[in-house]
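These notes concern the structure reproduced below.
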Amino acid sequence: MKLTGKRKIEDMKDLNLDDLLKTALKAAHAAGSAINDIWDKKSSVKDTKSNQRDLVTETDQRCEQIITEILKTAYPEHEIIGEETVGSGKYSLGSGPTWTVDPIDGTTNFVHRIPSTCVLIAFLLEKEPLVAVTYDPINDEMYWATKGGGAHLKSRRHDGPVAVSSCEALDCALVGLESGYGRDEKTVKRLSTTIEALMTKGVRSLRMAGACGLNVTNVACGRWDAFFEEGYWESNSGPKIWDFSPGKLIIEEAGGVMVNLDGSDFDLMGRGVFCAANRKLADEIIEMMKNRPL
(Lines give C-alpha, C1' and ligand atoms only; values in the text may rest on other atoms or scores of the structure.)
Protein backbone atom coordinates (compact mmCIF):
# COMPACT_ATOMS: atom_id res chain seq x y z
CA MET A 1 0.00 0.00 0.00
CA LYS A 2 1.59 3.26 -1.12
CA LEU A 3 1.57 6.01 1.49
CA THR A 4 1.57 9.75 1.01
CA GLY A 5 4.64 11.98 1.23
CA LYS A 6 6.22 13.15 4.48
CA ARG A 7 3.97 16.08 5.24
CA LYS A 8 4.83 17.46 8.65
CA ILE A 9 1.97 18.49 10.89
CA GLU A 10 2.31 22.14 11.79
CA ASP A 11 3.60 22.76 15.30
CA MET A 12 4.05 19.00 15.88
CA LYS A 13 7.45 18.22 14.39
CA ASP A 14 7.57 14.77 15.93
CA LEU A 15 4.58 13.62 13.85
CA ASN A 16 3.83 13.15 10.17
CA LEU A 17 0.82 11.81 8.36
CA ASP A 18 2.59 8.69 7.10
CA ASP A 19 3.48 7.56 10.61
CA LEU A 20 -0.01 8.30 11.88
CA LEU A 21 -1.53 6.36 8.98
CA LYS A 22 0.77 3.36 9.52
CA THR A 23 -0.28 3.24 13.18
CA ALA A 24 -3.98 3.49 12.29
CA LEU A 25 -3.66 0.73 9.68
CA LYS A 26 -1.85 -1.50 12.17
CA ALA A 27 -4.56 -0.98 14.77
CA ALA A 28 -7.36 -1.55 12.26
CA HIS A 29 -5.80 -4.79 11.01
CA ALA A 30 -5.31 -6.04 14.57
CA ALA A 31 -8.94 -5.37 15.50
CA GLY A 32 -10.09 -6.82 12.20
CA SER A 33 -8.19 -10.03 12.93
CA ALA A 34 -10.02 -10.34 16.25
CA ILE A 35 -13.36 -9.88 14.46
CA ASN A 36 -12.47 -12.52 11.87
CA ASP A 37 -11.35 -14.95 14.56
CA ILE A 38 -14.73 -14.81 16.28
CA TRP A 39 -16.92 -14.49 13.17
CA ASP A 40 -17.86 -18.17 12.87
CA LYS A 41 -18.55 -18.50 16.57
CA LYS A 42 -21.62 -17.35 18.43
CA SER A 43 -21.56 -13.85 19.92
CA SER A 44 -23.85 -12.80 22.71
CA VAL A 45 -24.96 -9.29 23.63
CA LYS A 46 -23.08 -8.29 26.77
CA ASP A 47 -24.76 -4.93 27.37
CA THR A 48 -26.72 -2.08 25.80
CA LYS A 49 -26.11 1.67 25.71
CA SER A 50 -28.78 4.21 24.81
CA ASN A 51 -31.54 1.58 24.54
CA GLN A 52 -32.19 -2.14 23.96
CA ARG A 53 -31.26 -1.86 20.27
CA ASP A 54 -27.88 -0.17 20.91
CA LEU A 55 -25.82 -3.30 21.46
CA VAL A 56 -22.43 -4.04 23.02
CA THR A 57 -20.55 -7.35 22.74
CA GLU A 58 -17.38 -8.60 24.37
CA THR A 59 -15.70 -8.31 20.96
CA ASP A 60 -16.50 -4.57 20.82
CA GLN A 61 -14.71 -4.08 24.11
CA ARG A 62 -11.81 -6.36 23.23
CA CYS A 63 -11.25 -4.66 19.87
CA GLU A 64 -11.29 -1.19 21.43
CA GLN A 65 -8.69 -2.37 23.94
CA ILE A 66 -6.52 -3.72 21.10
CA ILE A 67 -6.75 -0.44 19.19
CA THR A 68 -6.16 1.71 22.26
CA GLU A 69 -3.03 -0.22 23.23
CA ILE A 70 -1.52 0.24 19.76
CA LEU A 71 -2.38 3.95 19.62
CA LYS A 72 -1.16 4.64 23.16
CA THR A 73 2.09 2.74 22.58
CA ALA A 74 2.86 4.93 19.57
CA TYR A 75 1.39 8.19 20.90
CA PRO A 76 0.99 8.06 24.70
CA GLU A 77 0.10 11.76 25.01
CA HIS A 78 -2.75 11.71 22.51
CA GLU A 79 -6.40 11.78 23.54
CA ILE A 80 -8.70 8.94 22.49
CA ILE A 81 -12.47 9.16 22.12
CA GLY A 82 -13.67 5.56 21.94
CA GLU A 83 -17.23 4.36 21.55
CA GLU A 84 -17.05 1.67 24.21
CA THR A 85 -15.21 3.95 26.66
CA VAL A 86 -17.61 6.88 26.26
CA GLY A 87 -20.76 4.77 25.97
CA SER A 88 -24.04 6.63 25.52
CA GLY A 89 -22.90 9.85 27.23
CA LYS A 90 -21.59 13.13 25.88
CA TYR A 91 -17.96 13.80 25.10
CA SER A 92 -15.76 16.77 24.30
CA LEU A 93 -13.36 17.39 21.42
CA GLY A 94 -10.30 19.50 22.07
CA SER A 95 -7.92 21.08 19.58
CA GLY A 96 -5.00 18.84 20.50
CA PRO A 97 -4.07 15.52 18.87
CA THR A 98 -7.06 13.20 19.22
CA TRP A 99 -8.04 9.78 17.93
CA THR A 100 -11.63 8.62 17.47
CA VAL A 101 -12.28 4.88 17.59
CA ASP A 102 -15.26 2.69 16.78
CA PRO A 103 -14.03 -0.88 17.20
CA ILE A 104 -17.08 -2.45 15.55
CA ASP A 105 -19.32 -0.16 13.56
CA GLY A 106 -22.46 -2.10 12.74
CA THR A 107 -22.65 -4.13 15.95
CA THR A 108 -26.17 -5.36 15.17
CA ASN A 109 -24.88 -6.71 11.85
CA PHE A 110 -22.02 -8.35 13.75
CA VAL A 111 -24.37 -9.99 16.25
CA HIS A 112 -26.55 -11.33 13.42
CA ARG A 113 -23.47 -12.24 11.33
CA ILE A 114 -24.41 -9.98 8.45
CA PRO A 115 -21.10 -9.28 6.65
CA SER A 116 -21.34 -5.50 6.82
CA THR A 117 -19.33 -4.23 9.77
CA CYS A 118 -16.11 -2.26 10.08
CA VAL A 119 -13.37 -0.80 12.25
CA LEU A 120 -13.25 3.01 12.26
CA ILE A 121 -10.19 5.05 13.28
CA ALA A 122 -9.42 8.72 12.69
CA PHE A 123 -6.74 11.16 13.83
CA LEU A 124 -7.79 14.77 14.37
CA LEU A 125 -5.85 17.94 15.04
CA GLU A 126 -7.46 21.34 15.60
CA LYS A 127 -10.78 19.45 15.44
CA GLU A 128 -10.21 18.37 11.83
CA PRO A 129 -9.59 14.80 10.59
CA LEU A 130 -6.13 14.43 9.04
CA VAL A 131 -5.92 10.64 8.85
CA ALA A 132 -8.81 8.19 8.39
CA VAL A 133 -9.14 4.43 8.19
CA THR A 134 -12.25 2.31 7.60
CA TYR A 135 -11.61 -1.43 7.54
CA ASP A 136 -14.17 -4.07 6.58
CA PRO A 137 -12.44 -7.23 7.87
CA ILE A 138 -15.00 -9.74 6.62
CA ASN A 139 -14.72 -8.58 3.00
CA ASP A 140 -11.09 -7.46 3.51
CA GLU A 141 -11.61 -3.93 2.21
CA MET A 142 -9.36 -1.23 3.66
CA TYR A 143 -10.29 2.39 2.96
CA TRP A 144 -7.87 5.12 4.03
CA ALA A 145 -7.22 8.79 3.45
CA THR A 146 -4.83 11.52 4.52
CA LYS A 147 -5.47 15.23 4.26
CA GLY A 148 -4.48 16.28 0.75
CA GLY A 149 -3.47 12.73 -0.16
CA GLY A 150 -6.68 11.41 -1.68
CA ALA A 151 -8.92 8.52 -0.71
CA HIS A 152 -7.84 4.95 -1.35
CA LEU A 153 -9.15 1.39 -1.24
CA LYS A 154 -7.13 -1.81 -1.01
CA SER A 155 -9.17 -4.96 -1.58
CA ARG A 156 -9.12 -8.18 -3.55
CA ARG A 157 -10.52 -6.34 -6.56
CA HIS A 158 -9.03 -2.86 -6.24
CA ASP A 159 -5.83 -1.25 -5.01
CA GLY A 160 -5.70 2.48 -5.59
CA PRO A 161 -7.60 5.76 -5.41
CA VAL A 162 -11.38 5.93 -5.24
CA ALA A 163 -13.77 8.67 -6.34
CA VAL A 164 -17.44 9.51 -5.96
CA SER A 165 -19.97 9.01 -8.74
CA SER A 166 -21.05 11.66 -11.23
CA CYS A 167 -24.76 11.42 -10.33
CA GLU A 168 -26.26 14.89 -9.80
CA ALA A 169 -29.98 14.14 -9.42
CA LEU A 170 -32.23 11.89 -7.35
CA ASP A 171 -33.64 10.07 -10.36
CA CYS A 172 -30.23 8.46 -10.97
CA ALA A 173 -29.24 8.18 -7.31
CA LEU A 174 -28.92 5.20 -5.01
CA VAL A 175 -29.38 6.71 -1.56
CA GLY A 176 -28.61 5.11 1.78
CA LEU A 177 -30.30 5.93 5.08
CA GLU A 178 -30.72 4.26 8.47
CA SER A 179 -33.62 3.59 10.81
CA GLY A 180 -31.55 4.31 13.93
CA TYR A 181 -32.46 3.09 17.40
CA GLY A 182 -35.47 5.26 18.22
CA ARG A 183 -38.93 3.71 18.05
CA ASP A 184 -40.99 6.57 19.44
CA GLU A 185 -43.85 7.97 17.38
CA LYS A 186 -41.96 11.09 16.25
CA THR A 187 -38.93 9.13 15.05
CA VAL A 188 -41.02 6.54 13.23
CA LYS A 189 -43.04 9.26 11.48
CA ARG A 190 -39.88 11.14 10.48
CA LEU A 191 -38.43 8.03 8.90
CA SER A 192 -41.60 7.03 7.08
CA THR A 193 -42.18 10.53 5.66
CA THR A 194 -38.53 10.71 4.57
CA ILE A 195 -38.81 7.45 2.66
CA GLU A 196 -42.10 8.61 1.14
CA ALA A 197 -40.52 11.90 0.04
CA LEU A 198 -37.54 10.16 -1.57
CA MET A 199 -39.78 7.70 -3.40
CA THR A 200 -42.14 10.46 -4.55
CA LYS A 201 -39.16 12.42 -5.92
CA GLY A 202 -38.23 9.41 -8.02
CA VAL A 203 -35.07 8.19 -6.29
CA ARG A 204 -33.56 5.24 -8.16
CA SER A 205 -33.29 3.05 -5.07
CA LEU A 206 -32.81 3.06 -1.29
CA ARG A 207 -30.54 1.06 1.01
CA MET A 208 -30.24 0.46 4.77
CA ALA A 209 -26.99 -1.42 5.38
CA GLY A 210 -26.56 -0.91 9.13
CA ALA A 211 -23.02 0.45 9.36
CA CYS A 212 -22.51 4.22 9.13
CA GLY A 213 -18.81 3.96 8.32
CA LEU A 214 -19.35 1.62 5.38
CA ASN A 215 -22.31 3.66 4.19
CA VAL A 216 -20.00 6.66 3.80
CA THR A 217 -17.31 4.66 2.02
CA ASN A 218 -19.99 3.29 -0.31
CA VAL A 219 -20.55 6.89 -1.39
CA ALA A 220 -16.81 7.63 -1.51
CA CYS A 221 -16.12 4.81 -3.97
CA GLY A 222 -19.18 5.47 -6.14
CA ARG A 223 -21.32 2.48 -5.16
CA TRP A 224 -23.91 4.77 -3.60
CA ASP A 225 -24.56 8.40 -4.48
CA ALA A 226 -25.64 9.77 -1.09
CA PHE A 227 -26.19 8.68 2.49
CA PHE A 228 -27.73 10.31 5.55
CA GLU A 229 -28.80 9.46 9.06
CA GLU A 230 -30.63 11.89 11.29
CA GLY A 231 -29.85 12.29 14.97
CA TYR A 232 -30.34 14.66 17.88
CA TRP A 233 -28.63 15.10 21.24
CA GLU A 234 -32.02 15.91 22.79
CA SER A 235 -33.25 12.39 22.11
CA ASN A 236 -29.78 10.79 22.35
CA SER A 237 -30.23 9.41 18.86
CA GLY A 238 -28.10 9.15 15.77
CA PRO A 239 -24.42 8.56 14.99
CA LYS A 240 -21.55 10.10 16.94
CA ILE A 241 -18.11 11.45 16.16
CA TRP A 242 -16.44 8.02 15.96
CA ASP A 243 -19.03 6.96 13.35
CA PHE A 244 -18.37 9.76 10.89
CA SER A 245 -14.99 11.45 11.57
CA PRO A 246 -13.11 8.96 9.34
CA GLY A 247 -15.80 9.26 6.69
CA LYS A 248 -15.61 13.04 6.60
CA LEU A 249 -12.02 12.93 5.41
CA ILE A 250 -12.50 9.94 3.11
CA ILE A 251 -15.55 11.40 1.35
CA GLU A 252 -13.94 14.81 0.89
CA GLU A 253 -10.70 13.32 -0.41
CA ALA A 254 -12.79 11.23 -2.84
CA GLY A 255 -14.34 14.42 -4.24
CA GLY A 256 -17.65 14.36 -2.37
CA VAL A 257 -19.23 16.54 0.28
CA MET A 258 -20.27 16.05 3.90
CA VAL A 259 -22.56 18.71 5.34
CA ASN A 260 -25.29 19.03 7.94
CA LEU A 261 -28.79 18.14 6.78
CA ASP A 262 -29.68 21.85 6.71
CA GLY A 263 -26.82 22.49 4.28
CA SER A 264 -24.48 24.20 6.76
CA ASP A 265 -20.87 23.19 7.37
CA PHE A 266 -20.62 19.75 8.91
CA ASP A 267 -20.49 19.66 12.71
CA LEU A 268 -18.36 16.85 14.13
CA MET A 269 -20.03 17.37 17.50
CA GLY A 270 -23.52 16.92 16.06
CA ARG A 271 -25.58 13.74 15.91
CA GLY A 272 -26.49 13.51 12.22
CA VAL A 273 -24.51 12.74 9.09
CA PHE A 274 -25.10 13.52 5.41
CA CYS A 275 -22.75 12.97 2.50
CA ALA A 276 -23.24 13.05 -1.24
CA ALA A 277 -21.25 12.72 -4.44
CA ASN A 278 -21.55 16.46 -5.13
CA ARG A 279 -23.20 19.62 -3.88
CA LYS A 280 -25.88 19.63 -6.58
CA LEU A 281 -27.25 16.27 -5.47
CA ALA A 282 -26.82 17.26 -1.82
CA ASP A 283 -28.88 20.41 -2.34
CA GLU A 284 -31.72 18.48 -3.97
CA ILE A 285 -31.90 16.11 -1.01
CA ILE A 286 -31.64 18.97 1.50
CA GLU A 287 -34.53 20.76 -0.19
CA MET A 288 -36.59 17.58 -0.15
CA MET A 289 -35.89 17.13 3.58
CA LYS A 290 -36.99 20.69 4.31
CA ASN A 291 -40.29 20.23 2.51
CA ARG A 292 -41.28 16.78 3.79
CA PRO A 293 -44.31 16.64 6.09
CA LEU A 294 -43.43 15.98 9.75
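Just so we're on the same page: first chain in the C-alpha coordinates is A, next is B, and so on; residues restart at 1 for each chain, and ligands are numbered from 1 in the order they show up.
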Closest atom pairs, residues of segment 152-261 of chain A within 10 Å of segment 71-88 of chain A, only C-alpha atoms, as CSV:
residue,atom,partner,partner_atom,distance
A:Asn236,CA,A:Ser88,CA,7.8
A:Ser237,CA,A:Ser88,CA,9.5
A:Lys240,CA,A:Glu83,CA,8.5
A:Ile241,CA,A:Ile81,CA,8.5
A:Trp242,CA,A:Glu83,CA,6.7
A:Asp243,CA,A:Glu83,CA,8.8
Considering only C-alpha atoms, return as a PyMOL selection string whatever protein or nucleic-acid residues lie within 8 Å of Gly231 of chain A, sequence-local ones (same chain, fewer than 2 positions apart) excluded. chain A and resi 229+233+235-239+270-273
So which residues touch segment 246-249 of chain A within 8 Å, counting only C-alpha atoms, skipping near sequence neighbours fewer than 3 positions away, as a ChimeraX atom specification? /A:120-122,129-134,145-147,213,216-217,242-243,252-253,258
N, CA and C atoms of the current selection, written as a PDB file, in the first residue's frame:
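The resulting result.pdb:
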ATOM      1  N   LEU A 120     -13.387   1.603  12.637  1.00  0.00           N
ATOM      2  CA  LEU A 120     -13.251   3.011  12.264  1.00  0.00           C
ATOM      3  C   LEU A 120     -12.229   3.702  13.166  1.00  0.00           C
ATOM      4  N   ILE A 121     -11.224   4.333  12.543  1.00  0.00           N
ATOM      5  CA  ILE A 121     -10.191   5.052  13.283  1.00  0.00           C
ATOM      6  C   ILE A 121      -9.875   6.349  12.549  1.00  0.00           C
ATOM      7  N   ALA A 122      -9.810   7.441  13.289  1.00  0.00           N
ATOM      8  CA  ALA A 122      -9.423   8.721  12.692  1.00  0.00           C
ATOM      9  C   ALA A 122      -8.502   9.477  13.633  1.00  0.00           C
ATOM     10  N   PRO A 129     -10.217  16.083  10.912  1.00  0.00           N
ATOM     11  CA  PRO A 129      -9.589  14.798  10.591  1.00  0.00           C
ATOM     12  C   PRO A 129      -8.450  14.969   9.595  1.00  0.00           C
ATOM     13  N   LEU A 130      -7.293  14.397   9.925  1.00  0.00           N
ATOM     14  CA  LEU A 130      -6.134  14.432   9.040  1.00  0.00           C
ATOM     15  C   LEU A 130      -5.774  13.049   8.508  1.00  0.00           C
ATOM     16  N   VAL A 131      -6.174  12.023   9.240  1.00  0.00           N
ATOM     17  CA  VAL A 131      -5.919  10.636   8.849  1.00  0.00           C
ATOM     18  C   VAL A 131      -7.189   9.839   9.134  1.00  0.00           C
ATOM     19  N   ALA A 132      -7.574   8.969   8.215  1.00  0.00           N
ATOM     20  CA  ALA A 132      -8.806   8.191   8.391  1.00  0.00           C
ATOM     21  C   ALA A 132      -8.626   6.784   7.860  1.00  0.00           C
ATOM     22  N   VAL A 133      -9.167   5.829   8.598  1.00  0.00           N
ATOM     23  CA  VAL A 133      -9.137   4.428   8.188  1.00  0.00           C
ATOM     24  C   VAL A 133     -10.503   3.807   8.454  1.00  0.00           C
ATOM     25  N   THR A 134     -11.030   3.118   7.462  1.00  0.00           N
ATOM     26  CA  THR A 134     -12.247   2.314   7.598  1.00  0.00           C
ATOM     27  C   THR A 134     -11.937   0.934   7.064  1.00  0.00           C
ATOM     28  N   ALA A 145      -7.434   7.467   4.040  1.00  0.00           N
ATOM     29  CA  ALA A 145      -7.218   8.789   3.451  1.00  0.00           C
ATOM     30  C   ALA A 145      -6.332   9.606   4.370  1.00  0.00           C
ATOM     31  N   THR A 146      -5.569  10.503   3.782  1.00  0.00           N
ATOM     32  CA  THR A 146      -4.833  11.519   4.519  1.00  0.00           C
ATOM     33  C   THR A 146      -5.185  12.869   3.913  1.00  0.00           C
ATOM     34  N   LYS A 147      -5.114  13.892   4.720  1.00  0.00           N
ATOM     35  CA  LYS A 147      -5.475  15.233   4.255  1.00  0.00           C
ATOM     36  C   LYS A 147      -4.591  15.637   3.082  1.00  0.00           C
ATOM     37  N   GLY A 213     -20.122   3.808   8.937  1.00  0.00           N
ATOM     38  CA  GLY A 213     -18.811   3.959   8.315  1.00  0.00           C
ATOM     39  C   GLY A 213     -18.757   3.393   6.914  1.00  0.00           C
ATOM     40  N   VAL A 216     -20.750   5.506   4.336  1.00  0.00           N
ATOM     41  CA  VAL A 216     -20.005   6.655   3.803  1.00  0.00           C
ATOM     42  C   VAL A 216     -18.992   6.204   2.755  1.00  0.00           C
ATOM     43  N   THR A 217     -18.284   5.116   3.023  1.00  0.00           N
ATOM     44  CA  THR A 217     -17.310   4.663   2.023  1.00  0.00           C
ATOM     45  C   THR A 217     -17.995   4.158   0.761  1.00  0.00           C
ATOM     46  N   TRP A 242     -17.237   9.157  16.393  1.00  0.00           N
ATOM     47  CA  TRP A 242     -16.444   8.016  15.958  1.00  0.00           C
ATOM     48  C   TRP A 242     -17.056   7.335  14.744  1.00  0.00           C
ATOM     49  N   ASP A 243     -18.368   7.546  14.503  1.00  0.00           N
ATOM     50  CA  ASP A 243     -19.034   6.960  13.345  1.00  0.00           C
ATOM     51  C   ASP A 243     -18.704   7.689  12.050  1.00  0.00           C
ATOM     52  N   GLU A 252     -14.443  13.566   1.463  1.00  0.00           N
ATOM     53  CA  GLU A 252     -13.940  14.808   0.888  1.00  0.00           C
ATOM     54  C   GLU A 252     -12.736  14.555  -0.008  1.00  0.00           C
ATOM     55  N   GLU A 253     -11.859  13.645   0.412  1.00  0.00           N
ATOM     56  CA  GLU A 253     -10.700  13.322  -0.413  1.00  0.00           C
ATOM     57  C   GLU A 253     -11.097  12.559  -1.676  1.00  0.00           C
ATOM     58  N   MET A 258     -19.561  16.418   2.672  1.00  0.00           N
ATOM     59  CA  MET A 258     -20.265  16.047   3.895  1.00  0.00           C
ATOM     60  C   MET A 258     -20.701  17.335   4.565  1.00  0.00           C
TER      61      MET A 258
END
Would you please work out which residue, of A:Leu20, A:Glu128, A:Glu284, A:Ala151, is nearest to Phe244 of chain A when using only C-alpha atoms?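 When distances to Phe244 of chain A are compared using only C-alpha atoms, the smallest one comes from A:Glu128.
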Within 10 Å of Leu191 of chain A, counting only C-alpha atoms, which residues show up once you throw out same-chain ones fewer than 5 positions away? Write them as a PyMOL selection string, please. chain A and resi 177-180+186+196-197+229-230+294
Using backbone DSSP assignments, extract all alpha helix (DSSP H) residues from segment 57-178 of chain A; output them as a PyMOL selection string. chain A and resi 58-74+83-86+107-111
Any chance you could list, as a ChimeraX atom specification, the residues in segment 124-281 of chain A that come up strand (DSSP E or B) when DSSP is run on the backbone? /A:124-125,128-136,141-146,151-154,159-161,174-177,205-207,226-229,232,237,257-259,265,273-276
Quick one: residues within 9 Å of Glu126 of chain A, only C-alpha atoms counted, chain neighbours fewer than 3 positions away excluded, as number ranges by chain? A: 94-98, 129
Using N, CA and C atoms, can you export the residues from the last selection as a PDB file, in the first residue's frame?
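Just written: again28.pdb:
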ATOM      1  N   GLY A  94     -11.239  18.405  21.945  1.00  0.00           N
ATOM      2  CA  GLY A  94     -10.301  19.497  22.071  1.00  0.00           C
ATOM      3  C   GLY A  94      -9.556  19.745  20.776  1.00  0.00           C
ATOM      4  N   SER A  95      -8.672  20.742  20.786  1.00  0.00           N
ATOM      5  CA  SER A  95      -7.925  21.083  19.578  1.00  0.00           C
ATOM      6  C   SER A  95      -6.622  20.315  19.468  1.00  0.00           C
ATOM      7  N   GLY A  96      -6.230  19.604  20.520  1.00  0.00           N
ATOM      8  CA  GLY A  96      -5.000  18.838  20.501  1.00  0.00           C
ATOM      9  C   GLY A  96      -5.132  17.548  19.717  1.00  0.00           C
ATOM     10  N   PRO A  97      -4.037  16.787  19.618  1.00  0.00           N
ATOM     11  CA  PRO A  97      -4.068  15.522  18.866  1.00  0.00           C
ATOM     12  C   PRO A  97      -5.018  14.518  19.499  1.00  0.00           C
ATOM     13  N   THR A  98      -5.981  14.055  18.715  1.00  0.00           N
ATOM     14  CA  THR A  98      -7.057  13.203  19.223  1.00  0.00           C
ATOM     15  C   THR A  98      -7.374  12.095  18.224  1.00  0.00           C
ATOM     16  N   PRO A 129     -10.217  16.083  10.912  1.00  0.00           N
ATOM     17  CA  PRO A 129      -9.589  14.798  10.591  1.00  0.00           C
ATOM     18  C   PRO A 129      -8.450  14.969   9.595  1.00  0.00           C
TER      19      PRO A 129
END
Between A:Leu268, A:Ala276, A:Val188, A:Ile104, which is the closest to Glu168 of chain A once you count only C-alpha atoms?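 Answer, going by the shortest atom-to-atom distance: A:Ala276.
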Using only C-alpha atoms, find the one residue out of A:His29, A:Arg157, A:Arg292, A:Lys280 that sits nearest to Ser192 of chain A.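 For Ser192 of chain A, the nearest of the candidates is A:Arg292.
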Might you pull out every residue within 12 Å of Leu198 of chain A, with only C-alpha atoms counted and same-chain residues fewer than 5 positions away left off, and present them as a list in words?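 Returned residues: Ala169, Leu170, Asp171, Ala173, Leu174, Val175, Gly176, Leu177, Leu191, Ser192, Thr193, Val203, Arg204, Ser205, Leu206, Arg207, Ala226, Glu284, Ile285, Ile286, Glu287, Met288, Met289, Asn291 and Arg292 of chain A.
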If you count only C-alpha atoms, which residues fall within 10 Å of Ala30 of chain A, apart from same-chain ones fewer than 6 positions away, as a list in words?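 What passes the distance filter is Ala24, Cys63, Ile66, Ile67, Ile70, Val119 and Pro137 of chain A.
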Same residues, all heavy atoms, saved as an mmCIF file, in the first residue's frame:
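Full text of selection.cif as output:
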data_model
loop_
_atom_site.group_PDB
_atom_site.id
_atom_site.type_symbol
_atom_site.label_atom_id
_atom_site.label_comp_id
_atom_site.auth_asym_id
_atom_site.auth_seq_id
_atom_site.Cartn_x
_atom_site.Cartn_y
_atom_site.Cartn_z
ATOM 1 N N ALA A 24 -2.540 3.743 12.428
ATOM 2 C CA ALA A 24 -3.982 3.493 12.295
ATOM 3 C C ALA A 24 -4.246 2.206 11.525
ATOM 4 O O ALA A 24 -5.127 1.416 11.896
ATOM 5 C CB ALA A 24 -4.651 4.674 11.605
ATOM 6 N N CYS A 63 -11.839 -5.339 21.016
ATOM 7 C CA CYS A 63 -11.247 -4.656 19.868
ATOM 8 C C CYS A 63 -10.850 -3.223 20.220
ATOM 9 O O CYS A 63 -9.809 -2.732 19.756
ATOM 10 C CB CYS A 63 -12.209 -4.671 18.687
ATOM 11 S SG CYS A 63 -12.330 -6.283 17.884
ATOM 12 N N ILE A 66 -7.607 -3.451 22.036
ATOM 13 C CA ILE A 66 -6.515 -3.720 21.098
ATOM 14 C C ILE A 66 -6.075 -2.439 20.402
ATOM 15 O O ILE A 66 -4.880 -2.121 20.324
ATOM 16 C CB ILE A 66 -6.958 -4.772 20.055
ATOM 17 C CG1 ILE A 66 -7.103 -6.141 20.706
ATOM 18 C CG2 ILE A 66 -5.973 -4.826 18.892
ATOM 19 C CD1 ILE A 66 -7.761 -7.179 19.815
ATOM 20 N N ILE A 67 -7.052 -1.686 19.905
ATOM 21 C CA ILE A 67 -6.748 -0.441 19.190
ATOM 22 C C ILE A 67 -6.106 0.575 20.124
ATOM 23 O O ILE A 67 -5.095 1.213 19.782
ATOM 24 C CB ILE A 67 -8.035 0.143 18.559
ATOM 25 C CG1 ILE A 67 -8.568 -0.801 17.473
ATOM 26 C CG2 ILE A 67 -7.764 1.532 17.970
ATOM 27 C CD1 ILE A 67 -9.967 -0.468 17.012
ATOM 28 N N ILE A 70 -2.409 -0.088 20.886
ATOM 29 C CA ILE A 70 -1.523 0.238 19.762
ATOM 30 C C ILE A 70 -1.353 1.746 19.629
ATOM 31 O O ILE A 70 -0.234 2.257 19.446
ATOM 32 C CB ILE A 70 -2.061 -0.378 18.455
ATOM 33 C CG1 ILE A 70 -1.945 -1.907 18.527
ATOM 34 C CG2 ILE A 70 -1.313 0.168 17.239
ATOM 35 C CD1 ILE A 70 -2.603 -2.635 17.383
ATOM 36 N N VAL A 119 -14.167 -1.477 11.230
ATOM 37 C CA VAL A 119 -13.373 -0.804 12.246
ATOM 38 C C VAL A 119 -13.134 0.624 11.763
ATOM 39 O O VAL A 119 -12.735 0.828 10.619
ATOM 40 C CB VAL A 119 -12.020 -1.514 12.450
ATOM 41 C CG1 VAL A 119 -11.204 -0.808 13.524
ATOM 42 C CG2 VAL A 119 -12.218 -2.985 12.796
ATOM 43 N N PRO A 137 -13.279 -6.025 7.774
ATOM 44 C CA PRO A 137 -12.444 -7.226 7.866
ATOM 45 C C PRO A 137 -13.058 -8.465 7.220
ATOM 46 O O PRO A 137 -12.322 -9.348 6.777
ATOM 47 C CB PRO A 137 -12.275 -7.424 9.378
ATOM 48 C CG PRO A 137 -13.491 -6.801 9.975
ATOM 49 C CD PRO A 137 -13.834 -5.645 9.096
#
